[in-house]
Each structure stands twice: as C-alpha cells, then as structure tokens.
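See structure below.
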Amino acid sequence: MNKPIAGGAGSAARLEVVLPHPRATEPRRLTRFLENERALAALLLAPTVLVLGTFIAYPFIMGVWLALSSTSVGNVGEFVGMRNFAKAWNDSIFRTAFGNTFVYTFWATIFKLTLGMWLALLLNRHFRGKRIVRASMLLPFIVPTVLSTFAWRWMFDPTFSVLNWLLYRADLITTKLPFLSDGTYGMWCAIVVNTWRGMPFFAITLLAGLQTINPDLHEAASLDGANGWRRFWYVTWPLLKPVTLVVVVFSVIQTFSDFQLIYVLTGGGPANSTHLLATYAYQVGVATGLLGEGAAISLFMLPVLFVVVWLQLRYLRRMDGA
Amino acid sequence: MDAKRLNRRQFIKATGTTAAVALSGIEGVVAARRAPAYAQGTKLHWVRWVDFIPESDVELKRQMPEASKALGAEVVLETINANDLQPRITAAIQSGSGADIFIMLYNWAQLYGSQLVDVSDLATALARSEGGFYDVWPSAAHVGGHWLAVPHSIIGNAVAYRRSWLAEAGAHEYPKTWDEARRLFAQLKQKGKPYGQTLGHTFGDAPTFCYPMLWCFGGAETDKTGKKVVLNSKGAVEAVKFMQAFWKECCDEGGLAWDDTNNNRAFHAGEISATLNGASIYIVAKRQQEKIKDEKGEPMWQDIDHQNLPAGPAGAFTMYVPMSHAVMKYSKNPKLAKDFLRWLQKKENYEKWFQTQGGYSVGATKAWEKNPMWSTVDKPLQIFRTAARSTRIFGHAGPATAKATEGFSKYILTDMYAKAVQGMSAEDAVKWAEAELKKIYEG
C-alpha cells in the first residue's frame, strides 16, 4: 500500500487518489478556504475591523447615544432626542467656546503654515550642522504637550512671569502684561503655544515635500530670469500644494479638537473666555457629570470638521485629476 | 494551623475569632489580635486629594501598612490634585471600576448619591461617640435619609494677612466690614501690596470667597425651597458692584488666572498683603522658615495673622470645605472599605493625622476642638479651632442639593464676578448667572 512516491506531479496526484488519509481532509478544507480570495480578505481584515470597531466605532456610537440621552454620572438616562443639542446652542458659554474654537484653529493654523513653510525653506538649504538643526527642531513636537504647556504657563504666570520680568528689565513695559488673566491675551497666548508646538510638524512635512521637487525646475526658472519669490510662487508652491493641503487637514482636525493645551494653560478661564469645545465638553460631561450634555457639546465638532475635511479632500482630488 | 489536626479547643478558638470579627468589625479584629479572613491578595484602593499640608499625606502613607496589618488586606492610598477628583470619580462610576473609597469635598455625596454605599451605621456611631457632627454635615453627606459619606474633617478658611503692612497703613486690626477693607487695601495696593484673590476656575479659594461675598450683601442662589432661582436681586447686584470696585482698587488683577496655589506662592514671595486661604500659608511659612522670609530677612510667619472675612450689609459669612469619605457601590470590598473607615477614624489613628494638620483642618465633630493639639498651636491659628461652628454651603437659601453642586462645578458664581471685573455691567453679570442657574434648577 505505502509505495514510495516515484516523483512527478502525476505520481503524487495518483497517490492522493489511491491513498486517501483521513487527517488530510482538514488541512485541505483550510487550504480551500484560504484559496478563496473573499474569505482570505475577510480574515486578514478582521483584526483591523476589530480594532477600529472597538476603539473608534464603539466609542463614537456610544458618544452619539449619550448625546441623545439624559445620562448623567451614575444614572442611565433616557432618550431625549435633540434636547441636549438645543440646550447647548442656547448656552452662552457654549457659544463662546464655539467661537473661540474657530478663532483658535484659524489663527494657529495660519501661523503654523506660514512659519512652518519659512522654516522648511530655510532647512532645505545646505549649511553646516543641518542635521542637528533639523533634529532639534522637532523637540517641541516630541515633548509631551502637558509638560511643555506647564513650562509656558510658568512663563506666563500672572505674578512671576519671566517674560514680564524681561520686558520690564528692558524698559519695554511699566506694568505687568496680563498674559493669562485677560481673556484676549489668554487666547493669543494659547495660539502662540499651539503654534510653537505644531510648527515643527508643518516644517518637517513641507521639508519632505520640498525635497521631492526636482532642482532642475528651479535651475530652469533661474535661467529664465525668475527671482527667489517668483521661483517660490510659480515652481515651489504649485508642487507643494498637495502636501500642504494634507498637512493643513491634519492640523485643522487636531487644533479644532485641542484639549490638553487649554486645559493646562488656562483651564478655559478667565470667565470661560478661552474655553474650546473640547474643554467645555469635558467640564460639563466629566467634571460636572452631565454626560449627555457633554457628549452633545463635543459632537458639535463633527459636522464642522466633516465639512472642512470634505472640502479640502475634494480640492486635493481635483488637483490630482488635473 | 493544620486542618487535619484541628482539635475541639482549636476549632472553638478559630470560629470564635471569626464570629468576633464579623460581629464587631475592627473592635473584633483588635480583640482577637489577628486579621480578619479577607481573601489573600485583597486590596483596598483609597483616593484622596494632595493635602496642602504635605506632612499629613506622609502620615497617612505611614499609617497604611498599619491599616493593612489590622485589616488583613492591603490598603493603598493614592493622592491626586483636588481639581482632578471630580473627573476621576465620574470616570470610575461610569466604568464601574476604580478606587473603593473616594474623598468627597463639600456636598459631592449629593451629586454621586446613587453610586455610594450607605454608611449610616459608621456615621451615626461616629457622631454618637464624639458628641454629634457640626451642622454643615447633613447638607454635605446626608442624602435621602441616609449617610452616604462618613464625615472626616472640615477645612476652615480665613484671611491671612501681613500684620506689619496693615499697621503701616494705619490698621492695627483686620477690618471688620468690607467698606473698611476697601479703604485699607486701596492704600496698600498703591504701595504695591495688593489684596490677592483668585477668580479662576478653582475648587477652593474662588468659591469660598465668592459665595460669602454674595451672602453678605443679602444675595442668594435660590429661595428656601431650593426650587426657585432668586439670584437676580438687589443684594447680588450690590455684591458684584462692590467686587468690581474692590478688584480695581485693591486686588492683584492677575488673580483672574490664579489657581488654588498661586495666592500661597504670591503671599510667601511678599507680592500680596492679604488673601483668603486655609491655614496652610502660615503653617508652611513656619515649617519652612529658613526659606520663607520677609523683606527684612526675618521669618515671615512671625508677621502673619488671620481674621474672618469682613461683614457686608447683611452680615459676615463663611464657606468652609467639608471633607468626607464615600465607599463606591461598584467596590468589590464594601465591608472591608467600611472596616477601614472605622479604623481610620478611631481616635488613636485619626489623632496622629489631626496633629500633623496643625490647625489646617478641624474634626468632623466638636469633640476635636478640645484636643490637646490646639494648646500647641500658635495664636494666629486659634481662629480655626471653632471655625466650623457656623459655615454655609452652596445652594443657599435652599438645601445643598445636587443641583447646587452642579452650579458650583460650572463655576457660575465665580464667573459672575470674573465677568464683571473684566468689564461686564454688574446687572448683566447677575442676569447671566441667574440664567445659567435657571438652566440647572428649572431647565
């Protein structure tokens, strides 16, 4: 019965027919299953779907449910429809936070883009110690936000601010500047800190984009008599636009939903003048325990971000088509 | 003990021990001289705030092995920033896991009531053994006819001030009324020695100033039923108007961005002449006298004194901070948690902690006013000894319900003053605060 296999495909196939082994059916079934492309695709995707479902879809669905319910800490709520959203919209602190979130995101993104671009152009040149400078530039992005924001908070401290001390010593001010004790100053301080922290991300990404631009194009433009500005505007910028748009999309999402920086720097004060949607949602939902209302406030971010991202991606697709 | 060789005497001894523990809790443990039968590896997790008197946290951490030994289970103490307590409690309740025991400030037991274990047996026994609680406790921890947190201590507050600086301005005692205070601190601010007060989003120094300021001008959040918001009143508008003037003329205006620690640091640095605080400014200045000195190089504590907040047209009021401990319903060891709280409040254990406080806290009952510790405390701290006898809590003139806690957690009264000192008219600031309170009470 157990003849040695002579070799060759034909012999092996014949042996299979002649000598069926009961244990061989299981691996064959598995092989058949894996050979099915649909089944294999589902199997390979399953871990990702599980992770996304657990950590993104489930919290999101829970968030939507909470926003539509009267849930408060320790009390399972009941369905209240859009009542939490209406209540938030009629809340003066919410409207302040809503407006602040736009102001904060707009100016911080503008500054990060402008300064990041400038830094990327500088770092794209050849100079001694270029690598060290490029690496050290990432420090603000690497340091945990809470730690770096604490350092800024001490610098802006109403009583012991080193910045006030320096300005006073330099005879530039006669009284302390109310960095964090005035609503307008407080918001600009937050924008400055966010710009400081986020600028390296812009710079390093744009630098990567700059390095993909063929130097011949610049050379050709120079030969045609284009000065530095014209070379940037007609050569660099059009080629850098797709990368820039992607960076801006990421930045808008992160800045619009920023929490840590404001929470540590101002706590939303003075008198709610620096609250963002995320910090106010946290105050209402987690600190006060009104989970339904807090979830509704945070969900206000969704349509805004959806529209922003959709517009930018649409523009990006058009550019790809062109 | 070898089970196979258990004889009659050993059996009676073992079962007697178990019965003693079951019947009499910690007394049983002590009488039996052995730990109760909690499963091996049982842990009890206790969360408190980071005390403003660091020595007290050291003492509690020192006591933990003793408690573990007495209870036969590991007791772990975790201390966190007071402003992070409420988020931590919310997260624990929603996830159904976390610390077994949380410290509760003010009347938080009202807010989290549905998730707290009834500890009436512990609280009533404690009150009975120590001659009764202070009047503030039922509002703080008694919910729906049950004690849901065991009263532990009350942190008093008073205005800490620099005696010599006030004397330089002609005041040999602290002003008795807000009008006198305004005249005095206006002079001191002109000399670069302002009054320090936070109007930031803080759990302690801002509300303990803002609520009494409202009350002393005759204002209140609600009527006596606690159902009708009555904030928009002549008294509240007068209080806010006074605060606007006091802020501009007398205060360090950076206070809008202060937390609960800024005024301590500013006082120790000689930046402010007075501030409402617990006794920690004095206690820390004395314990660190080599570091904290006045402008003449002398230890600053010698120049610090305390006085209660001045009176307004409707009288003088205070709001202190009751601290209690609650056992969470999700805890897998509620009995152990209660045994631990009983152990914690036993006189010999509690007293060691109480002494490290050095007057910063008073006990939950008047009995602790007679503790020998007070005879060792300096005169400027004696004001705290009886501080808790008359203190209000938020929600006045109604009961301190969960809705009152919600108003506190949203910093509504603090923001009413903060908005006004930044330029909003007093009338509009009060209207804004009333509208916010109505959303809570009547919405």
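Residue numbers start at 1 in each chain; chains themselves are named A, B, ... in the order of the structure tokens; ligands are numbered from 1 in the order shown.
Look at region 218-221 of chain B: the protein and nucleic acid residues within 8 Å of it, using only C-alpha atoms and passing over chain neighbours fewer than 6 places away, are Val229, Val230, Leu231, Ser233, Lys234, Gly235, Ala236, Ala239, Pro313, Ala314, Gly395, His396, Ala397, Gly398 and Leu437 of chain B.
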Would you list which chain A residues are within 10 Å of chain B using only C-alpha atoms, as a PyMOL selection string?
chain A and resi 72-76+87+90-93+156-160+176-183+186+265-273+280+282-291
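The strand (DSSP E or B) portion of region 20-174 of chain A consists of Ser69, Ser72, Asn75 and Phe79 of chain A, with states taken from DSSP on the backbone.
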Next, the residues of the selection above should be written as a PDB file, in the first residue's frame with N, CA and C atoms.
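selection-v9.pdb, written as the output of this step:
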```pdb
ATOM      1  N   SER A  69     -29.277  61.290  24.940  1.00  0.00           N
ATOM      2  CA  SER A  69     -29.906  60.812  26.178  1.00  0.00           C
ATOM      3  C   SER A  69     -29.656  61.777  27.328  1.00  0.00           C
ATOM      4  N   SER A  72     -26.524  60.988  33.132  1.00  0.00           N
ATOM      5  CA  SER A  72     -25.611  61.744  33.997  1.00  0.00           C
ATOM      6  C   SER A  72     -24.846  60.723  34.821  1.00  0.00           C
ATOM      7  N   ASN A  75     -26.302  57.563  36.488  1.00  0.00           N
ATOM      8  CA  ASN A  75     -27.713  57.414  36.172  1.00  0.00           C
ATOM      9  C   ASN A  75     -27.885  57.144  34.681  1.00  0.00           C
ATOM     10  N   PHE A  79     -33.901  58.450  26.346  1.00  0.00           N
ATOM     11  CA  PHE A  79     -33.778  59.141  25.067  1.00  0.00           C
ATOM     12  C   PHE A  79     -34.460  60.511  25.140  1.00  0.00           C
TER      13      PHE A  79
END
```
Excluding region 111-123 of chain A and any residue of its chain fewer than 4 positions from it, enumerate the residues within 8 Å of it, using only C-alpha atoms, and give them as an NGL selection string.
:A and (107 or 130 or 134 or 195-196 or 198-204 or 206-207 or 210 or 248)
Export, as an mmCIF file, in the first residue's frame, the selected residues with N, CA and C atoms.
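Saved the output as again_30.cif:
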```
data_model
loop_
_atom_site.group_PDB
_atom_site.id
_atom_site.type_symbol
_atom_site.label_atom_id
_atom_site.label_comp_id
_atom_site.auth_asym_id
_atom_site.auth_seq_id
_atom_site.Cartn_x
_atom_site.Cartn_y
_atom_site.Cartn_z
ATOM 1 N N TRP A 107 -6.304 81.006 13.462
ATOM 2 C CA TRP A 107 -5.034 81.732 13.612
ATOM 3 C C TRP A 107 -3.863 80.787 13.854
ATOM 4 N N LYS A 130 23.337 71.029 9.559
ATOM 5 C CA LYS A 130 21.957 70.954 9.081
ATOM 6 C C LYS A 130 21.162 69.840 9.781
ATOM 7 N N ARG A 134 17.848 70.216 12.074
ATOM 8 C CA ARG A 134 16.588 69.556 11.675
ATOM 9 C C ARG A 134 16.049 68.674 12.810
ATOM 10 N N THR A 195 1.065 77.245 18.201
ATOM 11 C CA THR A 195 1.918 77.449 17.024
ATOM 12 C C THR A 195 3.319 76.898 17.292
ATOM 13 N N TRP A 196 3.846 77.213 18.470
ATOM 14 C CA TRP A 196 5.180 76.736 18.855
ATOM 15 C C TRP A 196 5.237 75.210 18.810
ATOM 16 N N GLY A 198 3.066 73.092 17.188
ATOM 17 C CA GLY A 198 2.666 72.446 15.938
ATOM 18 C C GLY A 198 3.521 72.787 14.733
ATOM 19 N N MET A 199 4.282 73.867 14.827
ATOM 20 C CA MET A 199 5.071 74.327 13.681
ATOM 21 C C MET A 199 6.064 73.256 13.169
ATOM 22 N N PRO A 200 6.760 72.526 14.035
ATOM 23 C CA PRO A 200 7.702 71.519 13.533
ATOM 24 C C PRO A 200 7.053 70.467 12.640
ATOM 25 N N PHE A 201 5.802 70.108 12.956
ATOM 26 C CA PHE A 201 5.088 69.125 12.132
ATOM 27 C C PHE A 201 4.918 69.664 10.711
ATOM 28 N N PHE A 202 4.527 70.939 10.611
ATOM 29 C CA PHE A 202 4.398 71.571 9.298
ATOM 30 C C PHE A 202 5.761 71.609 8.607
ATOM 31 N N ALA A 203 6.766 72.072 9.367
ATOM 32 C CA ALA A 203 8.085 72.286 8.762
ATOM 33 C C ALA A 203 8.664 70.977 8.223
ATOM 34 N N ILE A 204 8.583 69.929 9.006
ATOM 35 C CA ILE A 204 9.235 68.681 8.598
ATOM 36 C C ILE A 204 8.484 68.041 7.429
ATOM 37 N N LEU A 206 6.599 69.699 5.175
ATOM 38 C CA LEU A 206 6.828 70.528 3.988
ATOM 39 C C LEU A 206 8.260 70.349 3.478
ATOM 40 N N LEU A 207 9.187 70.156 4.408
ATOM 41 C CA LEU A 207 10.581 69.925 4.005
ATOM 42 C C LEU A 207 10.672 68.637 3.174
ATOM 43 N N LEU A 210 9.449 69.500 -0.160
ATOM 44 C CA LEU A 210 10.413 70.331 -0.904
ATOM 45 C C LEU A 210 11.508 69.469 -1.534
ATOM 46 N N VAL A 248 -2.448 70.659 6.324
ATOM 47 C CA VAL A 248 -3.456 71.571 6.873
ATOM 48 C C VAL A 248 -4.671 70.785 7.369
#
```
Among the residues of region 207-389 of chain B, find those DSSP assigns to helix (DSSP H, G or I) from the backbone and print them as a PyMOL selection string.
chain B and resi 207-216+234-250+253-257+262-268+280-287+300-303+334-344+347-357+366-370+372-376+379-384+387-389
Which neighbours of Ala149 (chain B) fall inside 6 Å, counting only C-alpha atoms, when residues of the same chain fewer than 3 positions from it are skipped, and could you give them as an MDAnalysis selection string?
chainID B and resid 141 324:326
Residue subset to file, keeping all heavy atoms, as a short mmCIF file (atom, residue, chain, number, x, y, z; two decimals), in the first residue's frame:
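out36.cif, freshly written:
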```cif
data_model
loop_
_atom_site.label_atom_id
_atom_site.label_comp_id
_atom_site.auth_asym_id
_atom_site.auth_seq_id
_atom_site.Cartn_x
_atom_site.Cartn_y
_atom_site.Cartn_z
N ALA B 141 -23.43 65.40 53.51
CA ALA B 141 -23.27 63.95 53.32
C ALA B 141 -24.50 63.12 53.62
O ALA B 141 -24.47 61.91 53.47
CB ALA B 141 -22.10 63.46 54.19
N SER B 324 -15.30 64.38 53.37
CA SER B 324 -15.83 63.11 53.88
C SER B 324 -15.31 61.97 52.99
O SER B 324 -14.72 62.22 51.95
CB SER B 324 -17.36 63.15 53.87
OG SER B 324 -17.82 63.55 52.59
N HIS B 325 -15.58 60.76 53.41
CA HIS B 325 -15.14 59.61 52.61
C HIS B 325 -16.34 58.75 52.22
O HIS B 325 -17.16 58.43 53.08
CB HIS B 325 -14.14 58.75 53.40
CG HIS B 325 -12.81 59.41 53.55
ND1 HIS B 325 -12.28 59.75 54.76
CD2 HIS B 325 -11.92 59.82 52.63
CE1 HIS B 325 -11.11 60.33 54.59
NE2 HIS B 325 -10.86 60.39 53.30
N ALA B 326 -16.41 58.40 50.96
CA ALA B 326 -17.53 57.60 50.48
C ALA B 326 -17.03 56.27 49.92
O ALA B 326 -15.99 56.21 49.27
CB ALA B 326 -18.28 58.36 49.39
#
```
List the neighbours of Ile80 (chain B) out to 7 Å using only C-alpha atoms; skip same-chain residues closer than 2 positions along the sequence, and give me the result as a PyMOL selection string.
chain B and resi 48-50+78+82+84
For the residues in that selection, give me C-alpha atoms as a JSON list (two decimals), in the first residue's frame.
```
[["chain", "number", "residue", "atom", "x", "y", "z"],
["B", 48, "ARG", "CA", -7.65, 61.49, 48.47],
["B", 49, "TRP", "CA", -6.53, 64.93, 47.41],
["B", 50, "VAL", "CA", -2.94, 66.08, 47.68],
["B", 78, "GLU", "CA", -3.39, 57.45, 46.19],
["B", 82, "ALA", "CA", -8.09, 68.24, 44.06],
["B", 84, "ASP", "CA", -8.92, 66.21, 39.20]]
```
Just to confirm, what's the straight-line distance from CA of Ser375 (chain B) to CA of Tyr161 (chain B) in Å (one decimal)?
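One can read the CA of Ser375 (chain B) to CA of Tyr161 (chain B) distance as 22.4 Å.
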Using only C-alpha atoms, which residues sit within 10 Å of Thr124 (chain B) once same-chain residues fewer than 3 positions away are excluded, as a VMD selection string?
chain B and resid 119 to 121 127 to 130 132 to 133 146 to 147 150
Grab the residues selected above and save them as a CSV table (one decimal), in the first residue's frame with N, CA and C atoms.
```csv
chain,number,residue,atom,x,y,z
B,119,VAL,N,-23.5,54.4,54.5
B,119,VAL,CA,-22.6,54.3,55.6
B,119,VAL,C,-23.2,54.8,56.9
B,120,SER,N,-24.5,54.8,57.0
B,120,SER,CA,-25.2,55.4,58.1
B,120,SER,C,-24.7,54.7,59.4
B,121,ASP,N,-24.5,53.4,59.4
B,121,ASP,CA,-24.0,52.8,60.6
B,121,ASP,C,-22.7,53.4,61.1
B,127,ALA,N,-20.8,59.9,65.2
B,127,ALA,CA,-21.4,61.1,65.8
B,127,ALA,C,-21.8,60.8,67.2
B,128,ARG,N,-22.3,59.6,67.5
B,128,ARG,CA,-22.7,59.2,68.9
B,128,ARG,C,-21.4,59.3,69.8
B,129,SER,N,-20.3,58.7,69.3
B,129,SER,CA,-19.2,58.6,70.2
B,129,SER,C,-18.4,59.9,70.4
B,130,GLU,N,-18.7,60.9,69.5
B,130,GLU,CA,-18.0,62.2,69.6
B,130,GLU,C,-18.9,63.3,69.9
B,132,GLY,N,-21.8,64.3,68.4
B,132,GLY,CA,-22.5,64.9,67.3
B,132,GLY,C,-21.7,65.7,66.3
B,133,PHE,N,-22.2,65.7,65.1
B,133,PHE,CA,-21.5,66.4,64.0
B,133,PHE,C,-21.8,67.9,64.0
B,146,HIS,N,-30.2,58.9,54.4
B,146,HIS,CA,-29.0,58.1,54.7
B,146,HIS,C,-27.7,58.8,54.7
B,147,TRP,N,-26.8,58.4,55.5
B,147,TRP,CA,-25.4,59.0,55.4
B,147,TRP,C,-24.7,58.2,54.2
B,150,VAL,N,-18.8,59.3,55.1
B,150,VAL,CA,-18.5,59.4,56.5
B,150,VAL,C,-17.8,60.8,56.7
```
